[in-house]
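> Data file entry.txt (compact mmCIF, C-alpha atoms) is appended below.
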# COMPACT_ATOMS: atom_id res chain seq x y z
CA MET A 1 -58.44 11.90 -85.00
CA LYS A 2 -60.02 12.66 -81.61
CA TRP A 3 -63.45 11.31 -82.61
CA ILE A 4 -62.00 8.24 -84.36
CA LEU A 5 -60.30 7.33 -81.08
CA VAL A 6 -63.59 7.90 -79.22
CA ALA A 7 -65.39 5.49 -81.63
CA VAL A 8 -62.68 2.81 -81.30
CA ILE A 9 -62.81 3.08 -77.50
CA SER A 10 -66.64 2.92 -77.31
CA ILE A 11 -67.05 -0.11 -79.61
CA CYS A 12 -64.17 -2.10 -78.10
CA THR A 13 -65.33 -1.30 -74.56
CA ALA A 14 -68.91 -2.47 -75.30
CA LEU A 15 -67.75 -5.76 -76.85
CA GLY A 16 -65.13 -6.26 -74.12
CA ASP A 17 -67.66 -5.74 -71.31
CA VAL A 18 -70.18 -8.18 -72.84
CA LEU A 19 -67.51 -10.87 -73.35
CA ASN A 20 -66.16 -10.37 -69.82
CA THR A 21 -69.62 -10.58 -68.27
CA ALA A 22 -70.47 -13.75 -70.22
CA GLY A 23 -67.11 -15.27 -69.26
CA MET A 24 -67.24 -14.35 -65.58
CA LYS A 25 -70.83 -15.59 -65.20
CA ARG A 26 -69.68 -19.01 -66.49
CA GLN A 27 -66.47 -18.88 -64.50
CA VAL A 28 -67.65 -19.16 -60.90
CA GLY A 29 -70.76 -18.70 -58.82
CA VAL A 30 -70.84 -16.09 -56.08
CA GLU A 31 -70.41 -18.60 -53.25
CA GLU A 32 -67.55 -20.41 -54.98
CA LEU A 33 -65.69 -17.17 -55.66
CA ASP A 34 -65.89 -16.27 -51.97
CA ARG A 35 -64.25 -19.54 -50.91
CA ARG A 36 -61.37 -19.56 -53.40
CA SER A 37 -58.06 -17.78 -52.98
CA PRO A 38 -57.31 -14.81 -55.27
CA TYR A 39 -54.62 -16.95 -56.99
CA TYR A 40 -57.17 -19.49 -58.24
CA VAL A 41 -59.58 -16.72 -59.20
CA VAL A 42 -56.93 -14.95 -61.33
CA LEU A 43 -55.73 -18.29 -62.79
CA GLY A 44 -59.30 -19.18 -63.71
CA ILE A 45 -59.83 -15.79 -65.34
CA PHE A 46 -56.80 -16.23 -67.61
CA ARG A 47 -57.96 -19.72 -68.69
CA ASN A 48 -61.37 -18.43 -69.73
CA ARG A 49 -61.51 -17.79 -73.50
CA LEU A 50 -64.43 -15.38 -73.31
CA VAL A 51 -62.67 -13.27 -70.69
CA LEU A 52 -59.42 -13.38 -72.69
CA GLY A 53 -61.33 -12.13 -75.74
CA GLY A 54 -62.92 -9.41 -73.60
CA LEU A 55 -59.55 -8.38 -72.20
CA GLY A 56 -58.17 -8.22 -75.75
CA MET A 57 -60.94 -5.78 -76.69
CA LEU A 58 -60.31 -3.74 -73.55
CA ALA A 59 -56.57 -3.68 -74.34
CA ILE A 60 -57.29 -2.08 -77.74
CA SER A 61 -59.64 0.33 -75.99
CA PHE A 62 -56.95 1.15 -73.41
CA PHE A 63 -54.24 2.03 -75.96
CA ALA A 64 -56.69 4.20 -77.87
CA PHE A 65 -57.62 5.85 -74.55
CA VAL A 66 -53.96 6.57 -73.72
CA ALA A 67 -53.56 8.21 -77.14
CA LEU A 68 -56.75 10.23 -76.58
CA LEU A 69 -55.53 11.44 -73.17
CA SER A 70 -52.39 12.77 -74.81
CA ILE A 71 -54.39 15.06 -77.10
CA SER A 72 -57.34 16.09 -74.87
CA ASN A 73 -58.35 16.91 -71.30
CA VAL A 74 -59.37 14.14 -68.91
CA SER A 75 -62.78 15.82 -68.46
CA PHE A 76 -63.39 15.34 -72.22
CA ALA A 77 -61.65 11.98 -72.74
CA VAL A 78 -63.38 9.96 -70.03
CA PRO A 79 -67.00 11.13 -70.53
CA ALA A 80 -66.80 11.11 -74.36
CA THR A 81 -65.95 7.41 -74.37
CA ALA A 82 -69.13 6.52 -72.46
CA SER A 83 -71.35 6.83 -75.54
CA SER A 84 -71.89 3.05 -75.62
CA TYR A 85 -74.20 2.82 -72.57
CA VAL A 86 -77.44 2.18 -74.47
CA LEU A 87 -75.65 -0.23 -76.84
CA GLU A 88 -74.37 -2.17 -73.84
CA ALA A 89 -77.85 -2.26 -72.23
CA THR A 90 -79.23 -3.66 -75.52
CA LEU A 91 -76.49 -6.30 -75.70
CA ALA A 92 -77.10 -7.16 -72.02
CA LYS A 93 -80.79 -7.79 -72.77
CA PHE A 94 -80.46 -9.76 -76.01
CA VAL A 95 -77.07 -11.46 -75.67
CA LEU A 96 -76.71 -11.91 -71.91
CA LYS A 97 -80.50 -12.38 -71.35
CA GLU A 98 -80.59 -9.92 -68.45
CA SER A 99 -83.88 -8.45 -67.28
CA VAL A 100 -83.43 -4.84 -68.39
CA THR A 101 -86.38 -3.07 -66.76
CA TRP A 102 -87.49 0.51 -67.51
CA HIS A 103 -85.40 1.63 -64.52
CA ARG A 104 -82.27 0.36 -66.25
CA TRP A 105 -83.20 1.76 -69.68
CA ALA A 106 -83.88 5.12 -68.03
CA ALA A 107 -80.61 4.91 -66.09
CA ALA A 108 -78.61 4.07 -69.24
CA SER A 109 -80.31 6.93 -71.14
CA LEU A 110 -79.74 9.41 -68.30
CA VAL A 111 -76.08 8.42 -68.10
CA CYS A 112 -75.76 8.80 -71.90
CA CYS A 113 -77.32 12.28 -71.81
CA GLY A 114 -75.28 13.23 -68.77
CA VAL A 115 -72.09 12.09 -70.42
CA ALA A 116 -72.95 14.03 -73.62
CA LEU A 117 -73.52 17.19 -71.56
CA LEU A 118 -70.39 16.59 -69.51
CA SER A 119 -68.32 16.28 -72.71
CA ARG A 120 -69.32 19.74 -74.02
CA MET B 1 -75.39 -7.85 -51.39
CA GLY B 2 -72.92 -6.09 -49.02
CA LYS B 3 -69.94 -7.54 -50.88
CA THR B 4 -71.40 -6.42 -54.20
CA TRP B 5 -71.62 -2.83 -52.95
CA GLY B 6 -68.10 -3.07 -51.46
CA LEU B 7 -66.77 -4.22 -54.85
CA THR B 8 -68.72 -1.40 -56.55
CA VAL B 9 -67.17 1.30 -54.34
CA THR B 10 -63.68 -0.22 -54.80
CA ALA B 11 -64.16 -0.32 -58.60
CA ILE B 12 -65.22 3.33 -58.67
CA LEU B 13 -62.35 4.59 -56.50
CA THR B 14 -59.64 2.59 -58.31
CA ASN B 15 -61.00 3.70 -61.70
CA VAL B 16 -61.01 7.39 -60.75
CA SER B 17 -57.53 7.40 -59.16
CA GLY B 18 -56.06 5.31 -62.02
CA ASP B 19 -57.50 7.58 -64.73
CA LEU B 20 -56.32 10.75 -62.97
CA LEU B 21 -52.76 9.43 -62.52
CA LEU B 22 -52.69 8.24 -66.13
CA SER B 23 -53.88 11.62 -67.32
CA ARG B 24 -51.24 13.44 -65.29
CA GLY B 25 -48.51 11.11 -66.62
CA MET B 26 -49.62 11.47 -70.24
CA HIS B 27 -49.67 15.26 -70.06
CA HIS B 28 -46.07 15.19 -68.81
CA VAL B 29 -45.09 13.07 -71.81
CA GLY B 30 -46.89 15.21 -74.38
CA GLN B 31 -48.64 14.14 -77.60
CA ILE B 32 -48.03 10.62 -78.87
CA VAL B 33 -48.67 9.25 -82.36
CA PHE B 34 -51.34 6.51 -82.42
CA VAL B 35 -49.26 3.95 -84.36
CA SER B 36 -45.86 4.47 -82.73
CA PRO B 37 -45.07 1.81 -80.06
CA LEU B 38 -41.80 3.54 -79.08
CA GLN B 39 -43.70 6.62 -77.94
CA TYR B 40 -46.01 4.41 -75.87
CA LEU B 41 -42.93 2.86 -74.20
CA ARG B 42 -41.57 6.34 -73.44
CA ALA B 43 -44.92 7.27 -71.92
CA PHE B 44 -44.83 4.18 -69.71
CA ALA B 45 -41.50 5.27 -68.17
CA ASN B 46 -43.30 8.07 -66.33
CA PRO B 47 -43.92 7.24 -62.59
CA CYS B 48 -47.47 8.68 -62.65
CA THR B 49 -48.30 6.56 -65.72
CA ILE B 50 -46.86 3.40 -64.13
CA LEU B 51 -48.78 3.96 -60.86
CA GLY B 52 -51.95 4.75 -62.83
CA ILE B 53 -51.60 1.50 -64.81
CA CYS B 54 -51.02 -0.54 -61.60
CA ILE B 55 -54.17 0.93 -60.04
CA LEU B 56 -56.14 0.29 -63.26
CA VAL B 57 -55.04 -3.38 -63.14
CA CYS B 58 -56.56 -3.54 -59.61
CA TRP B 59 -59.70 -1.91 -61.04
CA LEU B 60 -59.88 -4.55 -63.80
CA VAL B 61 -59.74 -7.48 -61.34
CA THR B 62 -62.34 -5.79 -59.11
CA GLN B 63 -64.59 -5.08 -62.11
CA LEU B 64 -64.36 -8.71 -63.33
CA THR B 65 -65.20 -10.00 -59.85
CA LEU B 66 -68.13 -7.60 -59.71
CA LEU B 67 -69.37 -8.82 -63.12
CA SER B 68 -69.40 -12.41 -61.78
CA ARG B 69 -71.88 -11.29 -59.08
CA ALA B 70 -74.03 -8.65 -60.81
CA ASP B 71 -75.67 -7.85 -64.18
CA LEU B 72 -73.78 -5.79 -66.77
CA SER B 73 -76.86 -3.51 -67.08
CA PHE B 74 -76.61 -2.91 -63.31
CA VAL B 75 -72.83 -2.50 -63.04
CA LEU B 76 -72.37 0.03 -65.87
CA PRO B 77 -74.79 2.78 -64.75
CA ILE B 78 -73.80 2.32 -61.09
CA THR B 79 -70.09 2.72 -61.87
CA ALA B 80 -70.90 5.76 -64.05
CA SER B 81 -70.52 7.83 -60.88
CA THR B 82 -66.85 7.59 -61.85
CA TYR B 83 -67.53 10.36 -64.40
CA ILE B 84 -68.90 12.66 -61.73
CA LEU B 85 -65.86 12.15 -59.51
CA ILE B 86 -63.47 12.61 -62.46
CA ALA B 87 -65.18 15.86 -63.49
CA LEU B 88 -65.00 17.16 -59.91
CA CYS B 89 -61.35 16.11 -59.56
CA GLY B 90 -60.56 17.70 -62.95
CA HIS B 91 -62.17 20.92 -61.70
CA PHE B 92 -60.62 21.04 -58.23
CA LEU B 93 -57.23 19.39 -58.84
CA PHE B 94 -56.40 20.31 -62.45
CA ASP B 95 -58.26 23.67 -62.60
CA GLU B 96 -60.43 22.49 -65.52
CA GLN B 97 -63.59 24.61 -65.97
CA ILE B 98 -67.07 23.05 -65.53
CA SER B 99 -69.90 24.87 -67.33
CA ALA B 100 -73.61 24.98 -66.37
CA ALA B 101 -74.37 22.29 -69.01
CA GLN B 102 -71.72 20.06 -67.51
CA TRP B 103 -73.24 20.46 -64.04
CA ILE B 104 -76.60 19.37 -65.54
CA GLY B 105 -74.76 16.35 -66.98
CA VAL B 106 -73.43 15.54 -63.51
CA ALA B 107 -77.00 15.71 -62.15
CA ALA B 108 -78.33 13.41 -64.95
CA ILE B 109 -75.63 10.79 -64.29
CA SER B 110 -76.39 10.98 -60.56
CA MET B 111 -80.11 10.35 -61.23
CA GLY B 112 -79.24 7.39 -63.49
CA THR B 113 -76.99 5.93 -60.82
CA VAL B 114 -79.67 6.26 -58.12
CA LEU B 115 -82.33 4.79 -60.45
CA VAL B 116 -80.34 1.64 -61.26
CA GLY B 117 -79.40 1.34 -57.58
CA CYS B 118 -83.09 0.68 -56.89
CA THR B 119 -83.03 -2.52 -59.03
CA PRO B 120 -81.69 -5.94 -57.95
CA ALA B 121 -77.98 -6.42 -58.73
CA ARG B 122 -78.55 -9.75 -60.49
CA THR B 123 -81.47 -11.02 -62.56
CA THR B 124 -79.84 -13.99 -64.31
CA LYS B 125 -79.46 -17.47 -62.82
CA PRO B 126 -75.98 -18.73 -61.85
CA HIS B 127 -74.42 -20.90 -64.58
CA PRO B 128 -74.52 -24.60 -63.63
CA GLU B 129 -71.03 -25.40 -64.96
CA HIS B 130 -67.87 -23.93 -63.49
CA ASP B 131 -64.60 -23.99 -65.39
CA LEU B 132 -62.29 -23.88 -62.36
Kindly return the structure encoded in the file as structure tokens.

Amino acid sequence: MKWILVAVISICTALGDVLNTAGMKRQVGVEELDRRSPYYVVLGIFRNRLVLGGLGMLAISFFAFVALLSISNVSFAVPATASSYVLEATLAKFVLKESVTWHRWAAASLVCCGVALLSR
Amino acid sequence: MGKTWGLTVTAILTNVSGDLLLSRGMHHVGQIVFVSPLQYLRAFANPCTILGICILVCWLVTQLTLLSRADLSFVLPITASTYILIALCGHFLFDEQISAAQWIGVAAISMGTVLVGCTPARTTKPHPEHDL
């Protein structure tokens, strides 16, 4: 049960993060976000279909995370759910068209290994 | 760039404090069954859980704002320092043991965070259309 929850959390978090990033990049530019009040920013977020989809994925991930916390320690639960780092870097490169340099691949791999060690 | 780093630090701190409060609240409640909504509602009546959820809502808004300014492949490894802080808090606040392998894991995550910190926060062009 513990590892099923970890898988659900990792997959939903990866998809949620990609949808949120795609949605927020379309939502507002940096300069525009600085000028607007938080009310309009939050209103805009909840009218954005990509972000709503991303939040839906993160909601599933959250409930699975709450269930995982009830059956394991926080020092296992949080690191174990970070297994999607390389998957997210891949999606960032091919879906979001980000420039994922060797620094970022190395960083994602180091974080993955670190998280695996931290979860032991 | 200063605002991006400010948002990054805020995201990390709200994530760590929210997760720790949620963990404390859930351990008070005890085990819950994955498919039972009533047990989730009972868990949400705990003050630590409620405060943890409120802080995690702040984290979500901060994270979304950060994602509008920076790449996903930049934000994720940088905010991975959350795991280091959570492990240290688990050790010092909740008396959880950290082995030698786990300390190596902490060092690896730290190196990853520093490495991605050397790259520009954003490599994609701003989108020409705004929905607001």
> How many Å lie between atom CA of Ser110 of chain B and atom CA of Ser10 of chain A, rounded to one decimal?
21.0 Å
> So what do you get for atom CA of Val111 of chain A versus atom CA of Ile109 of chain B, distance-wise?
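It comes out at 4.5 Å.
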> Give me the residues near Ala87 of chain B as number ranges by chain, where near means some atom within 12 Å (using all atoms listed in the file) and where sequence neighbours in that chain fewer than 6 positions away do not count.
A: 73-80, 114-115, 117-120; B: 16, 19-20, 80-81, 93-99, 102-103, 105-107, 109
> Suppose you want the space between atom CA of Val51 of chain A and atom CA of Glu88 of chain A; what is it in Å?
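The value is 16.4 Å.
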> So which residues are close to (-75.9, -7.9, -67.8), meaning at most 12 Å away in the file's coordinates with all atoms listed in the file counted, and can you show them as a ChimeraX atom specification?
/A:14,17-25,85,87-101,104 /B:66-77,120-125
> Those same residues - C-alpha atoms - I'd like them written as a PDB file, in the frame of the given file.

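Result file follows (out36.pdb):
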ATOM      1  CA  ALA A  14     -68.910  -2.470 -75.300  1.00  0.00           C
ATOM      2  CA  ASP A  17     -67.660  -5.740 -71.310  1.00  0.00           C
ATOM      3  CA  VAL A  18     -70.180  -8.180 -72.840  1.00  0.00           C
ATOM      4  CA  LEU A  19     -67.510 -10.870 -73.350  1.00  0.00           C
ATOM      5  CA  ASN A  20     -66.160 -10.370 -69.820  1.00  0.00           C
ATOM      6  CA  THR A  21     -69.620 -10.580 -68.270  1.00  0.00           C
ATOM      7  CA  ALA A  22     -70.470 -13.750 -70.220  1.00  0.00           C
ATOM      8  CA  GLY A  23     -67.110 -15.270 -69.260  1.00  0.00           C
ATOM      9  CA  MET A  24     -67.240 -14.350 -65.580  1.00  0.00           C
ATOM     10  CA  LYS A  25     -70.830 -15.590 -65.200  1.00  0.00           C
ATOM     11  CA  TYR A  85     -74.200   2.820 -72.570  1.00  0.00           C
ATOM     12  CA  LEU A  87     -75.650  -0.230 -76.840  1.00  0.00           C
ATOM     13  CA  GLU A  88     -74.370  -2.170 -73.840  1.00  0.00           C
ATOM     14  CA  ALA A  89     -77.850  -2.260 -72.230  1.00  0.00           C
ATOM     15  CA  THR A  90     -79.230  -3.660 -75.520  1.00  0.00           C
ATOM     16  CA  LEU A  91     -76.490  -6.300 -75.700  1.00  0.00           C
ATOM     17  CA  ALA A  92     -77.100  -7.160 -72.020  1.00  0.00           C
ATOM     18  CA  LYS A  93     -80.790  -7.790 -72.770  1.00  0.00           C
ATOM     19  CA  PHE A  94     -80.460  -9.760 -76.010  1.00  0.00           C
ATOM     20  CA  VAL A  95     -77.070 -11.460 -75.670  1.00  0.00           C
ATOM     21  CA  LEU A  96     -76.710 -11.910 -71.910  1.00  0.00           C
ATOM     22  CA  LYS A  97     -80.500 -12.380 -71.350  1.00  0.00           C
ATOM     23  CA  GLU A  98     -80.590  -9.920 -68.450  1.00  0.00           C
ATOM     24  CA  SER A  99     -83.880  -8.450 -67.280  1.00  0.00           C
ATOM     25  CA  VAL A 100     -83.430  -4.840 -68.390  1.00  0.00           C
ATOM     26  CA  THR A 101     -86.380  -3.070 -66.760  1.00  0.00           C
ATOM     27  CA  ARG A 104     -82.270   0.360 -66.250  1.00  0.00           C
TER      28      ARG A 104
ATOM     29  CA  LEU B  66     -68.130  -7.600 -59.710  1.00  0.00           C
ATOM     30  CA  LEU B  67     -69.370  -8.820 -63.120  1.00  0.00           C
ATOM     31  CA  SER B  68     -69.400 -12.410 -61.780  1.00  0.00           C
ATOM     32  CA  ARG B  69     -71.880 -11.290 -59.080  1.00  0.00           C
ATOM     33  CA  ALA B  70     -74.030  -8.650 -60.810  1.00  0.00           C
ATOM     34  CA  ASP B  71     -75.670  -7.850 -64.180  1.00  0.00           C
ATOM     35  CA  LEU B  72     -73.780  -5.790 -66.770  1.00  0.00           C
ATOM     36  CA  SER B  73     -76.860  -3.510 -67.080  1.00  0.00           C
ATOM     37  CA  PHE B  74     -76.610  -2.910 -63.310  1.00  0.00           C
ATOM     38  CA  VAL B  75     -72.830  -2.500 -63.040  1.00  0.00           C
ATOM     39  CA  LEU B  76     -72.370   0.030 -65.870  1.00  0.00           C
ATOM     40  CA  PRO B  77     -74.790   2.780 -64.750  1.00  0.00           C
ATOM     41  CA  PRO B 120     -81.690  -5.940 -57.950  1.00  0.00           C
ATOM     42  CA  ALA B 121     -77.980  -6.420 -58.730  1.00  0.00           C
ATOM     43  CA  ARG B 122     -78.550  -9.750 -60.490  1.00  0.00           C
ATOM     44  CA  THR B 123     -81.470 -11.020 -62.560  1.00  0.00           C
ATOM     45  CA  THR B 124     -79.840 -13.990 -64.310  1.00  0.00           C
ATOM     46  CA  LYS B 125     -79.460 -17.470 -62.820  1.00  0.00           C
TER      47      LYS B 125
END
> List the neighbours of Leu68 of chain A out to 8 Å using only C-alpha atoms; skip same-chain residues closer than 3 positions along the sequence, and give me the result as a PyMOL selection string.
chain A and resi 2+5-6+64-65+71-72+77
> Do a neighbour search on Leu56 of chain B at 10 Å with only C-alpha atoms, toss out local chain neighbours closer than 2 positions, and write the hits as a list in words.
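Listing them by chain and then by number gives Ala11, Thr14, Asn15, Val16, Ser17, Gly18, Asp19, Leu21, Leu22, Ile50, Leu51, Gly52, Ile53, Cys54, Cys58, Trp59, Leu60, Val61 and Thr62 of chain B.
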> Using only C-alpha atoms, which of B:Ala43, B:Leu85, B:Ala108, B:Val9 sits nearest chain A?
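Comparing B:Ala43, B:Leu85, B:Ala108, B:Val9 against chain A, the winner is B:Ala108.
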> Mind listing as an NGL selection string all residues within 12 Å of (-59.4, -8.1, -79.3), counting only C-alpha atoms?
:A and (8-9 or 11-17 or 19-20 or 49-63)
> Ranking A:Arg47, A:Ala107, A:Tyr39, A:Ser84 by minimum distance to chain B and counting all atoms listed in the file, which one comes first?
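Among the listed residues, the smallest separation from chain B belongs to A:Ala107.
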> May I ask you to restore N, CA, C and O atoms in segment 52-67 of chain A and write the result as a short mmCIF file (atom, residue, chain, number, x, y, z; two decimals), keeping the file's coordinate frame?

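Output (rebuild_18.cif):
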data_model
loop_
_atom_site.label_atom_id
_atom_site.label_comp_id
_atom_site.auth_asym_id
_atom_site.auth_seq_id
_atom_site.Cartn_x
_atom_site.Cartn_y
_atom_site.Cartn_z
N LEU A 52 -60.63 -13.77 -71.94
CA LEU A 52 -59.42 -13.38 -72.69
C LEU A 52 -59.78 -12.53 -73.90
O LEU A 52 -59.11 -11.54 -74.20
N GLY A 53 -60.85 -12.92 -74.60
CA GLY A 53 -61.33 -12.13 -75.74
C GLY A 53 -61.76 -10.74 -75.29
O GLY A 53 -61.46 -9.73 -75.94
N GLY A 54 -62.48 -10.70 -74.16
CA GLY A 54 -62.92 -9.41 -73.60
C GLY A 54 -61.75 -8.53 -73.22
O GLY A 54 -61.74 -7.32 -73.49
N LEU A 55 -60.74 -9.15 -72.60
CA LEU A 55 -59.55 -8.38 -72.20
C LEU A 55 -58.80 -7.86 -73.43
O LEU A 55 -58.24 -6.76 -73.40
N GLY A 56 -58.80 -8.66 -74.51
CA GLY A 56 -58.17 -8.22 -75.75
C GLY A 56 -58.84 -6.94 -76.28
O GLY A 56 -58.17 -5.98 -76.68
N MET A 57 -60.18 -6.97 -76.26
CA MET A 57 -60.94 -5.78 -76.69
C MET A 57 -60.64 -4.58 -75.79
O MET A 57 -60.46 -3.45 -76.26
N LEU A 58 -60.58 -4.84 -74.48
CA LEU A 58 -60.31 -3.74 -73.55
C LEU A 58 -58.88 -3.22 -73.70
O LEU A 58 -58.62 -2.04 -73.45
N ALA A 59 -57.96 -4.11 -74.12
CA ALA A 59 -56.57 -3.68 -74.34
C ALA A 59 -56.51 -2.69 -75.51
O ALA A 59 -55.85 -1.65 -75.44
N ILE A 60 -57.23 -3.01 -76.60
CA ILE A 60 -57.29 -2.08 -77.74
C ILE A 60 -57.89 -0.75 -77.29
O ILE A 60 -57.38 0.33 -77.60
N SER A 61 -58.97 -0.86 -76.51
CA SER A 61 -59.64 0.33 -75.99
C SER A 61 -58.68 1.15 -75.12
O SER A 61 -58.64 2.38 -75.21
N PHE A 62 -57.88 0.46 -74.31
CA PHE A 62 -56.95 1.15 -73.41
C PHE A 62 -55.89 1.94 -74.18
O PHE A 62 -55.63 3.11 -73.87
N PHE A 63 -55.28 1.32 -75.21
CA PHE A 63 -54.24 2.03 -75.96
C PHE A 63 -54.82 3.23 -76.71
O PHE A 63 -54.18 4.28 -76.82
N ALA A 64 -56.04 3.06 -77.21
CA ALA A 64 -56.69 4.20 -77.87
C ALA A 64 -56.98 5.30 -76.84
O ALA A 64 -56.85 6.49 -77.14
N PHE A 65 -57.33 4.90 -75.62
CA PHE A 65 -57.62 5.85 -74.55
C PHE A 65 -56.35 6.63 -74.14
O PHE A 65 -56.40 7.85 -73.93
N VAL A 66 -55.23 5.91 -74.05
CA VAL A 66 -53.96 6.57 -73.72
C VAL A 66 -53.63 7.62 -74.78
O VAL A 66 -53.22 8.75 -74.45
N ALA A 67 -53.83 7.26 -76.06
CA ALA A 67 -53.56 8.21 -77.14
C ALA A 67 -54.50 9.42 -77.05
O ALA A 67 -54.09 10.57 -77.25
#
